[in-house]
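Structure data follow from target06.txt (compact mmCIF, C-alpha atoms and all ligand atoms):
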```
# COMPACT_ATOMS: atom_id res chain seq x y z
CA MET V 1 -40.28 -66.25 -186.72
CA ARG V 2 -38.63 -63.72 -189.01
CA ARG V 3 -37.58 -60.14 -188.30
CA PHE V 4 -37.63 -57.17 -190.68
CA ASP V 5 -36.03 -53.78 -190.02
CA VAL V 6 -37.59 -51.16 -192.29
CA CYS V 7 -36.23 -47.62 -192.47
CA ASN V 8 -35.53 -44.60 -194.61
CA GLY V 9 -32.04 -44.94 -196.13
CA ASP V 10 -30.82 -41.61 -194.74
CA ALA V 11 -28.75 -41.07 -191.58
CA ASP V 12 -31.75 -40.69 -189.27
CA GLY V 13 -33.36 -43.93 -190.44
CA LEU V 14 -30.20 -46.05 -190.46
CA CYS V 15 -28.94 -44.73 -187.11
CA ALA V 16 -32.32 -45.43 -185.48
CA VAL V 17 -32.30 -49.09 -186.58
CA LEU V 18 -28.63 -49.36 -185.69
CA GLN V 19 -29.23 -48.29 -182.08
CA TRP V 20 -32.05 -50.80 -181.71
CA ARG V 21 -29.98 -53.68 -183.12
CA LEU V 22 -27.00 -52.80 -180.92
CA ALA V 23 -29.33 -53.05 -177.93
CA HIS V 24 -31.21 -56.10 -179.26
CA PRO V 25 -28.84 -58.13 -181.44
CA ALA V 26 -30.74 -60.46 -183.78
CA GLN V 27 -30.81 -61.52 -187.41
CA ALA V 28 -33.13 -59.20 -189.30
CA ALA V 29 -33.67 -58.45 -192.98
CA LEU V 30 -33.06 -54.75 -193.67
CA VAL V 31 -35.57 -53.10 -196.00
CA THR V 32 -34.48 -49.59 -196.95
CA GLY V 33 -33.89 -47.35 -199.96
CA LEU V 34 -33.32 -43.82 -201.18
CA LYS V 35 -34.21 -40.76 -199.13
CA ARG V 36 -37.18 -40.02 -201.39
CA GLU V 37 -38.59 -43.56 -201.01
CA LEU V 38 -41.04 -43.00 -198.19
CA GLU V 39 -43.38 -45.93 -198.75
CA LEU V 40 -41.45 -49.10 -198.01
CA LEU V 41 -43.72 -51.03 -195.67
CA HIS V 42 -45.75 -52.61 -198.49
CA GLN V 43 -42.55 -54.39 -199.61
CA VAL V 44 -42.29 -56.33 -196.35
CA PRO V 45 -43.36 -59.98 -196.73
CA ALA V 46 -43.99 -60.54 -193.01
CA GLU V 47 -46.50 -63.12 -191.78
CA ALA V 48 -48.25 -63.97 -188.53
CA GLY V 49 -45.77 -64.08 -185.63
CA ASP V 50 -43.04 -62.14 -187.47
CA GLU V 51 -41.60 -58.94 -186.00
CA VAL V 52 -41.22 -55.70 -187.91
CA LEU V 53 -39.35 -52.60 -186.75
CA VAL V 54 -40.20 -49.42 -188.71
CA CYS V 55 -38.05 -46.30 -188.34
CA ASP V 56 -38.25 -42.85 -189.91
CA LEU V 57 -41.01 -43.62 -192.43
CA SER V 58 -44.21 -41.57 -192.31
CA MET V 59 -47.03 -43.65 -190.81
CA GLN V 60 -49.43 -41.52 -192.83
CA ARG V 61 -47.78 -42.70 -196.05
CA ASN V 62 -47.54 -46.34 -194.91
CA HIS V 63 -50.93 -46.57 -193.21
CA ALA V 64 -52.55 -49.23 -195.42
CA ALA V 65 -49.49 -51.49 -195.38
CA LEU V 66 -49.28 -51.13 -191.59
CA LEU V 67 -52.92 -52.16 -191.11
CA ARG V 68 -52.44 -55.12 -193.43
CA LEU V 69 -49.44 -56.37 -191.41
CA LEU V 70 -51.21 -55.86 -188.08
CA ASP V 71 -54.33 -57.67 -189.29
CA ALA V 72 -52.12 -60.53 -190.50
CA GLY V 73 -50.81 -60.99 -186.94
CA VAL V 74 -47.42 -59.31 -187.34
CA GLN V 75 -45.89 -57.56 -184.31
CA VAL V 76 -44.88 -54.02 -185.29
CA ARG V 77 -42.70 -51.54 -183.42
CA TYR V 78 -43.03 -48.14 -185.09
CA VAL V 79 -40.69 -45.23 -184.27
CA ASP V 80 -41.06 -42.00 -186.24
CA HIS V 81 -41.22 -38.19 -186.19
CA HIS V 82 -43.35 -37.44 -189.25
CA LYS V 83 -46.82 -36.01 -188.83
CA VAL V 84 -49.63 -38.54 -188.77
CA ASP V 85 -53.35 -37.89 -188.25
CA GLN V 86 -54.19 -41.10 -186.46
CA VAL V 87 -52.14 -43.91 -184.90
CA PRO V 88 -54.14 -47.15 -185.08
CA GLN V 89 -55.02 -48.82 -181.78
CA HIS V 90 -53.95 -52.42 -182.16
CA ALA V 91 -52.58 -55.02 -179.75
CA GLY V 92 -49.82 -55.85 -182.25
CA LEU V 93 -48.57 -52.26 -182.52
CA GLN V 94 -46.09 -50.49 -180.28
CA ALA V 95 -45.79 -46.96 -181.57
CA CYS V 96 -43.41 -44.22 -180.50
CA ILE V 97 -44.45 -41.21 -182.56
CA ASP V 98 -43.53 -37.63 -181.74
CA PHE V 99 -43.52 -34.84 -184.31
CA ASP V 100 -42.01 -32.15 -182.14
CA PRO V 101 -39.62 -30.31 -184.54
CA ARG V 102 -36.77 -30.75 -182.04
CA VAL V 103 -36.73 -34.53 -182.32
CA CYS V 104 -35.92 -36.97 -185.08
CA THR V 105 -36.32 -40.76 -185.19
CA SER V 106 -32.78 -41.40 -183.95
CA LEU V 107 -33.45 -39.21 -180.92
CA LEU V 108 -36.75 -41.01 -180.26
CA MET V 109 -34.85 -44.31 -180.36
CA ASP V 110 -32.29 -42.81 -177.98
CA ARG V 111 -35.18 -42.01 -175.64
CA LEU V 112 -36.50 -45.61 -175.86
CA LEU V 113 -33.04 -47.01 -175.15
CA GLN V 114 -32.30 -44.47 -172.39
CA GLY V 115 -29.29 -43.03 -174.18
CA ARG V 116 -27.35 -46.28 -174.49
CA PHE V 117 -25.96 -45.51 -177.96
CA ARG V 118 -26.30 -41.77 -177.86
CA ALA V 119 -23.36 -41.03 -180.17
CA TRP V 120 -25.22 -42.89 -182.94
CA ALA V 121 -28.38 -40.92 -182.11
CA LEU V 122 -26.34 -37.75 -182.63
CA VAL V 123 -25.14 -38.93 -186.06
CA GLY V 124 -28.81 -39.35 -187.05
CA ALA V 125 -29.77 -35.98 -185.60
CA TYR V 126 -26.95 -34.17 -187.42
CA GLY V 127 -28.05 -35.92 -190.60
CA ASP V 128 -31.57 -34.57 -190.11
CA ASN V 129 -30.19 -31.05 -189.63
CA LEU V 130 -30.95 -30.87 -185.88
CA THR V 131 -27.53 -29.33 -185.36
CA ARG V 132 -28.39 -27.23 -182.31
CA VAL V 133 -30.10 -30.10 -180.46
CA ALA V 134 -27.29 -32.52 -181.33
CA ASP V 135 -24.56 -30.06 -180.29
CA ALA V 136 -26.21 -29.56 -176.90
CA LEU V 137 -26.56 -33.32 -176.28
CA ALA V 138 -22.99 -33.91 -177.45
CA ALA V 139 -21.63 -31.23 -175.11
CA ALA V 140 -23.65 -32.73 -172.23
CA MET V 141 -21.98 -36.09 -172.79
CA GLY V 142 -18.57 -34.46 -172.74
CA LEU V 143 -17.73 -34.50 -176.45
CA GLY V 144 -15.44 -31.69 -177.58
CA ALA V 145 -15.83 -29.50 -180.65
CA ALA V 146 -13.63 -31.75 -182.81
CA GLU V 147 -15.64 -34.87 -181.97
CA ARG V 148 -18.93 -33.05 -182.54
CA GLN V 149 -17.66 -31.95 -185.94
CA GLN V 150 -16.68 -35.54 -186.82
CA LEU V 151 -20.12 -36.88 -185.88
CA ARG V 152 -21.76 -34.05 -187.81
CA LEU V 153 -19.76 -34.76 -190.97
CA LEU V 154 -20.59 -38.46 -190.69
CA GLY V 155 -24.30 -37.73 -190.27
CA GLU V 156 -24.34 -35.29 -193.17
CA GLY V 157 -22.33 -37.72 -195.29
CA ILE V 158 -24.69 -40.65 -194.65
CA ASN V 159 -27.64 -38.34 -195.29
CA TYR V 160 -26.12 -37.14 -198.56
CA ASN V 161 -25.53 -40.72 -199.69
CA ALA V 162 -29.31 -41.29 -199.66
CA TYR V 163 -30.01 -38.64 -202.32
CA GLY V 164 -30.66 -39.57 -205.92
CA ASP V 165 -33.48 -40.80 -208.14
CA GLU V 166 -32.48 -44.42 -208.54
CA ALA V 167 -30.48 -47.05 -206.66
CA GLY V 168 -27.46 -46.66 -208.98
CA ASP V 169 -27.10 -43.00 -207.96
CA GLN V 170 -25.89 -43.94 -204.50
CA HIS V 171 -22.18 -44.16 -203.72
CA ILE V 172 -22.88 -47.10 -201.40
CA ALA V 173 -26.20 -48.92 -201.28
CA PRO V 174 -27.80 -48.49 -197.85
CA GLN V 175 -27.61 -52.21 -196.92
CA PRO V 176 -23.81 -52.54 -197.22
CA LEU V 177 -23.45 -49.07 -195.70
CA TYR V 178 -25.50 -50.21 -192.71
CA GLN V 179 -23.35 -53.35 -192.35
CA ARG V 180 -20.24 -51.19 -192.30
CA LEU V 181 -21.66 -48.82 -189.68
CA ALA V 182 -23.11 -51.58 -187.52
CA ARG V 183 -19.71 -53.10 -186.73
CA HIS V 184 -19.19 -50.33 -184.20
CA ALA V 185 -21.13 -49.52 -181.06
CA ASP V 186 -19.49 -46.08 -181.12
CA PRO V 187 -19.32 -43.99 -184.31
CA LEU V 188 -16.11 -42.31 -183.14
CA GLN V 189 -14.53 -45.76 -183.05
CA LEU V 190 -15.86 -46.38 -186.57
CA LEU V 191 -14.25 -43.15 -187.76
CA ARG V 192 -10.90 -44.24 -186.34
CA GLU V 193 -10.99 -47.65 -188.06
CA ASP V 194 -12.91 -47.11 -191.29
CA ASP V 195 -12.57 -44.31 -193.84
CA ILE V 196 -16.30 -44.30 -194.67
CA GLY V 197 -16.66 -40.83 -193.13
CA SER V 198 -14.08 -39.22 -195.40
CA GLU V 199 -15.31 -41.27 -198.38
CA LEU V 200 -18.84 -39.89 -198.07
CA ASP V 201 -17.56 -36.39 -197.35
CA ALA V 202 -15.33 -36.48 -200.44
CA LEU V 203 -18.26 -37.58 -202.60
CA ARG V 204 -20.36 -34.66 -201.41
CA ARG V 205 -17.54 -32.19 -202.00
CA ALA V 206 -16.81 -33.54 -205.48
CA ASP V 207 -20.49 -33.30 -206.45
CA LEU V 208 -20.72 -29.73 -205.18
CA GLN V 209 -17.54 -28.77 -206.99
CA GLN V 210 -18.89 -30.18 -210.24
CA ALA V 211 -22.16 -28.31 -209.74
CA LEU V 212 -20.49 -25.01 -208.88
CA ALA V 213 -18.40 -25.27 -212.04
CA GLN V 214 -21.63 -24.83 -214.06
CA PRO V 215 -22.44 -21.27 -215.13
CA ILE V 216 -24.65 -19.28 -212.77
CA HIS V 217 -27.03 -16.76 -214.31
CA THR V 218 -28.83 -13.75 -212.90
CA ALA V 219 -32.56 -13.21 -213.23
CA GLY V 220 -33.27 -9.57 -212.42
CA ALA V 221 -31.68 -7.96 -209.38
CA THR V 222 -32.73 -10.45 -206.74
CA ALA V 223 -32.45 -13.95 -208.20
CA ARG V 224 -29.82 -16.31 -209.58
CA TRP V 225 -30.29 -19.63 -211.32
CA MET V 226 -28.34 -22.62 -212.60
CA CYS V 227 -29.20 -25.48 -214.87
CA LEU V 228 -27.57 -28.88 -214.35
CA PRO V 229 -27.42 -31.76 -216.80
CA ASP V 230 -29.12 -35.04 -215.86
CA ALA V 231 -26.42 -37.27 -214.32
CA ALA V 232 -25.93 -39.31 -211.16
CA TRP V 233 -23.99 -36.46 -209.51
CA SER V 234 -26.63 -33.86 -210.35
CA ARG V 235 -29.46 -36.14 -209.17
CA ARG V 236 -27.66 -36.35 -205.83
CA VAL V 237 -26.53 -32.76 -205.49
CA ILE V 238 -29.81 -31.05 -206.35
CA GLY V 239 -30.94 -31.91 -202.82
CA ILE V 240 -28.34 -29.60 -201.26
CA LEU V 241 -27.08 -27.24 -203.98
CA ALA V 242 -29.81 -24.61 -203.61
CA ASN V 243 -29.12 -24.41 -199.87
CA GLU V 244 -25.39 -23.97 -200.51
CA LEU V 245 -26.05 -21.17 -203.00
CA ALA V 246 -28.56 -19.54 -200.67
CA SER V 247 -26.09 -19.50 -197.76
CA ALA V 248 -23.40 -17.99 -199.97
CA ALA V 249 -25.63 -15.12 -201.18
CA PRO V 250 -28.40 -14.63 -198.59
CA SER V 251 -29.92 -11.57 -200.26
CA GLN V 252 -30.69 -13.49 -203.46
CA ALA V 253 -33.33 -16.05 -204.40
CA HIS V 254 -31.93 -19.19 -206.07
CA ALA V 255 -33.39 -21.60 -208.55
CA VAL V 256 -31.59 -24.82 -209.43
CA LEU V 257 -32.93 -26.57 -212.52
CA LYS V 258 -31.96 -30.05 -213.60
CA ALA V 259 -32.85 -31.58 -216.94
CA ASP V 260 -35.35 -34.42 -216.52
CA ARG V 261 -36.08 -37.35 -218.82
CA GLN V 262 -39.25 -35.88 -220.27
CA GLY V 263 -37.38 -32.97 -221.87
CA GLY V 264 -38.24 -30.56 -219.05
CA PHE V 265 -36.75 -29.70 -215.70
CA VAL V 266 -36.90 -30.47 -212.00
CA VAL V 267 -36.71 -27.20 -210.06
CA SER V 268 -35.52 -26.50 -206.56
CA LEU V 269 -36.19 -22.92 -205.40
CA ARG V 270 -35.04 -21.01 -202.30
CA SER V 271 -36.34 -17.55 -201.42
CA PRO V 272 -33.62 -15.20 -200.14
CA GLN V 273 -32.44 -16.21 -196.66
CA ASP V 274 -32.72 -12.54 -195.66
CA ALA V 275 -36.44 -12.57 -196.63
CA PRO V 276 -37.50 -16.21 -196.62
CA ALA V 277 -40.99 -15.96 -198.07
CA GLY V 278 -42.71 -16.66 -201.33
CA ALA V 279 -40.94 -19.76 -202.68
CA ASP V 280 -44.05 -21.94 -202.26
CA GLU V 281 -46.36 -19.38 -203.85
CA PHE V 282 -43.95 -18.97 -206.77
CA CYS V 283 -43.67 -22.71 -207.41
CA ARG V 284 -47.44 -23.20 -207.20
CA ARG V 285 -47.77 -21.02 -210.33
CA PHE V 286 -45.93 -23.82 -212.16
CA GLY V 287 -47.65 -26.78 -210.53
CA GLY V 288 -45.11 -27.16 -207.73
CA GLY V 289 -45.25 -26.54 -203.99
CA GLY V 290 -43.32 -26.55 -200.75
CA ARG V 291 -42.61 -24.16 -197.91
CA ALA V 292 -42.10 -20.38 -197.74
CA GLY V 293 -38.31 -20.66 -197.77
CA ALA V 294 -37.83 -23.79 -199.86
CA ALA V 295 -40.04 -25.12 -202.61
CA GLY V 296 -39.85 -27.06 -205.85
CA ILE V 297 -41.42 -28.10 -209.12
CA ASP V 298 -41.32 -31.79 -210.09
CA HIS V 299 -41.66 -31.14 -213.80
CA LEU V 300 -41.33 -27.79 -215.55
CA PRO V 301 -42.02 -28.34 -219.27
CA ALA V 302 -39.34 -26.91 -221.57
CA LEU V 303 -41.95 -24.61 -223.11
CA ALA V 304 -42.58 -23.01 -219.71
CA LEU V 305 -38.90 -22.18 -219.09
CA GLU V 306 -39.04 -18.72 -220.64
CA ARG V 307 -42.05 -17.73 -218.54
CA PHE V 308 -40.41 -19.22 -215.43
CA LEU V 309 -37.25 -17.13 -215.89
CA ALA V 310 -39.23 -13.97 -216.69
CA GLU V 311 -41.34 -14.38 -213.55
CA LEU V 312 -38.23 -15.18 -211.52
CA ALA V 313 -36.63 -11.93 -212.70
CA ALA V 314 -39.77 -9.97 -211.82
CA ALA V 315 -40.47 -11.63 -208.47
CA HIS V 316 -40.56 -9.66 -205.21
CA TRP V 317 -39.41 -11.67 -202.21
CA GLY V 318 -40.50 -11.26 -198.64
CA GLY V 319 -43.22 -8.67 -199.44
MN MN F 1 -35.88 -38.28 -190.05
```
For the structure just supplied, provide its representation as structure tokens.
Ligand SMILES: [Mn+2]
Amino acid sequence: MRRFDVCNGDADGLCAVLQWRLAHPAQAALVTGLKRELELLHQVPAEAGDEVLVCDLSMQRNHAALLRLLDAGVQVRYVDHHKVDQVPQHAGLQACIDFDPRVCTSLLMDRLLQGRFRAWALVGAYGDNLTRVADALAAAMGLGAAERQQLRLLGEGINYNAYGDEAGDQHIAPQPLYQRLARHADPLQLLREDDIGSELDALRRADLQQALAQPIHTAGATARWMCLPDAAWSRRVIGILANELASAAPSQAHAVLKADRQGGFVVSLRSPQDAPAGADEFCRRFGGGGRAGAAGIDHLPALALERFLAELAAAHWGG
């Protein structure tokens, strides 16, 4: 019998698997990847009698692969917080799915394991931006502000490491990163003995510094925009740069463009934090989409750039 642990390569995914393996030590092949790789289950070569643990990967997006494994006689434990229309009823499936916005997969795993490795659950929760929930749980277990901050930086650092478009963009591939984390039942112990926390934090800071050294332009009175070259650092940082800019100037909308390989741009757009509406509607005009406060365009052709900037300058945010 073989075991496969399958998870998103961000902090929430890795910390969920980590808690389970600390509670149930066993040899298992880890199948994981970049943050944007959401469909990993089809890569799992499990057969009848094998066991598969799936964490932090949308069941909706992995539905067909899940059914195939179950029908083949594989035992699947599925823990996740992404929305799914229907959880299959199958004797081989144990599912723990909850898409309440106040939980993440690491917190669901914490629930399953009755809080046995809660500090790791907090690292996952901080990585998934559940700062308020994580702070409250950390305070309840007696962690002070300094320790909370350490766990938060670790979670954000692991999360940041999962950004990028290709495996080579990552500072540390998720498998060796997992091995390094998994040596410690307590992340605070890890942070005392291993400099992985400061390594990941330094990477994020260096990327942001490089990005913020690029010129920033205004588009009308209410928007600013930047254009980054295509490089490993920009492929990582585009996931967080628009948020950083938005927090620094909450009355402005922000567009971050990054050159893509088809001669156009990837666009990440934030409506002003003071009036967080309209980003999705704006991006839809250019074939993109998203939410009211944060949206994006996968490919803006170079020929559409002029129109994009003109409409950005003319846009009215928040009605
Ligand atoms: Mn998650």
**Request:** Just the residues within 7 Å of Trp120 in chain V, please, counting all atoms listed in the file, with nothing from its chain fewer than 5 positions along; format it as a list in words.
**Result:**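 Neighbouring residues, sequence-local ones excluded: Cys15, Gln19, Asp186 and Pro187 of chain V.
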**Prompt:** Suppose you want the space between CA of Gly289 in chain V and CA of Trp225 in chain V; what is it in Å?
**Reply:** 18.0 Å
**Message:** Could you tell me how far CA of Phe265 in chain V sits from CA of Gly288 in chain V, in Å to one decimal place?
**Reply:**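 Computing it gives 11.8 Å between the two atoms.
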**Request:** Pick out the closest residue to Leu151 in chain V from this set: V:Arg261, V:Arg192, V:His254, V:Arg2. Count only C-alpha atoms.
**Result:**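 Among the listed residues, V:Arg192 lies closest to Leu151 in chain V.
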**Prompt:** So what do you get for CA of Pro174 in chain V versus CA of Gly155 in chain V, distance-wise?
**Reply:**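 One can read the CA of Pro174 in chain V to CA of Gly155 in chain V distance as 13.6 Å.
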**Asked** So, counting all atoms listed in the file, which residue among V:Ala65, V:Ala29, V:Ala246, V:Met109 is closest to ligand MN 1 (chain F)?
**Response** V:Met109
**Prompt:** Do you know which residues are within 8 Å of ligand MN 1 (chain F) using all atoms listed in the file? Can you write them as a PyMOL selection string?
**Reply:** chain V and resi 8+10-13+56-57+80-82+104-106+124-125+128
**Prompt:** So which one's closest to Asp71 in chain V, V:Ser268, V:Gln27, V:Gln209, V:Gln89? Using all atoms listed in the file, please.
**Reply:** V:Gln89
**Distance criterion (all atoms listed in the file): nearest to Leu154 in chain V out of V:Val133, V:Val123, V:Leu190, V:Ile97** = V:Val123
**Message:** So that I can see what lies close to range 295-298 of chain V, please list as a ChimeraX atom specification the residues with an atom at most 9 Å from it, counting all atoms listed in the file and leaving out residues fewer than 3 positions away in the same chain.
**Reply:** /V:255,265-271,278-284,286-292
Padding 8 Å on each side, edges along x, y and z: where is the centre of the box around the listed atoms of range 148-163 of chain V, and how long are its edges in Å to one decimal? Output it as JSON.
```
{"center_x": -23.3, "center_y": -36.6, "center_z": -192.4, "size_x": 29.3, "size_y": 25.3, "size_z": 35.8}
```
**Fill in**
Among V:Phe4, V:Phe308, V:Tyr178, V:Trp317, Leu69 in chain V is approached most closely, using only C-alpha atoms, by V:Phe4
**Request:** Using all atoms listed in the file, give me every residue within 10 Å of (-26.4, -15.2, -201.4) in file coordinates, as a ChimeraX atom specification.
**Result:** /V:222-224,243-254,272-274
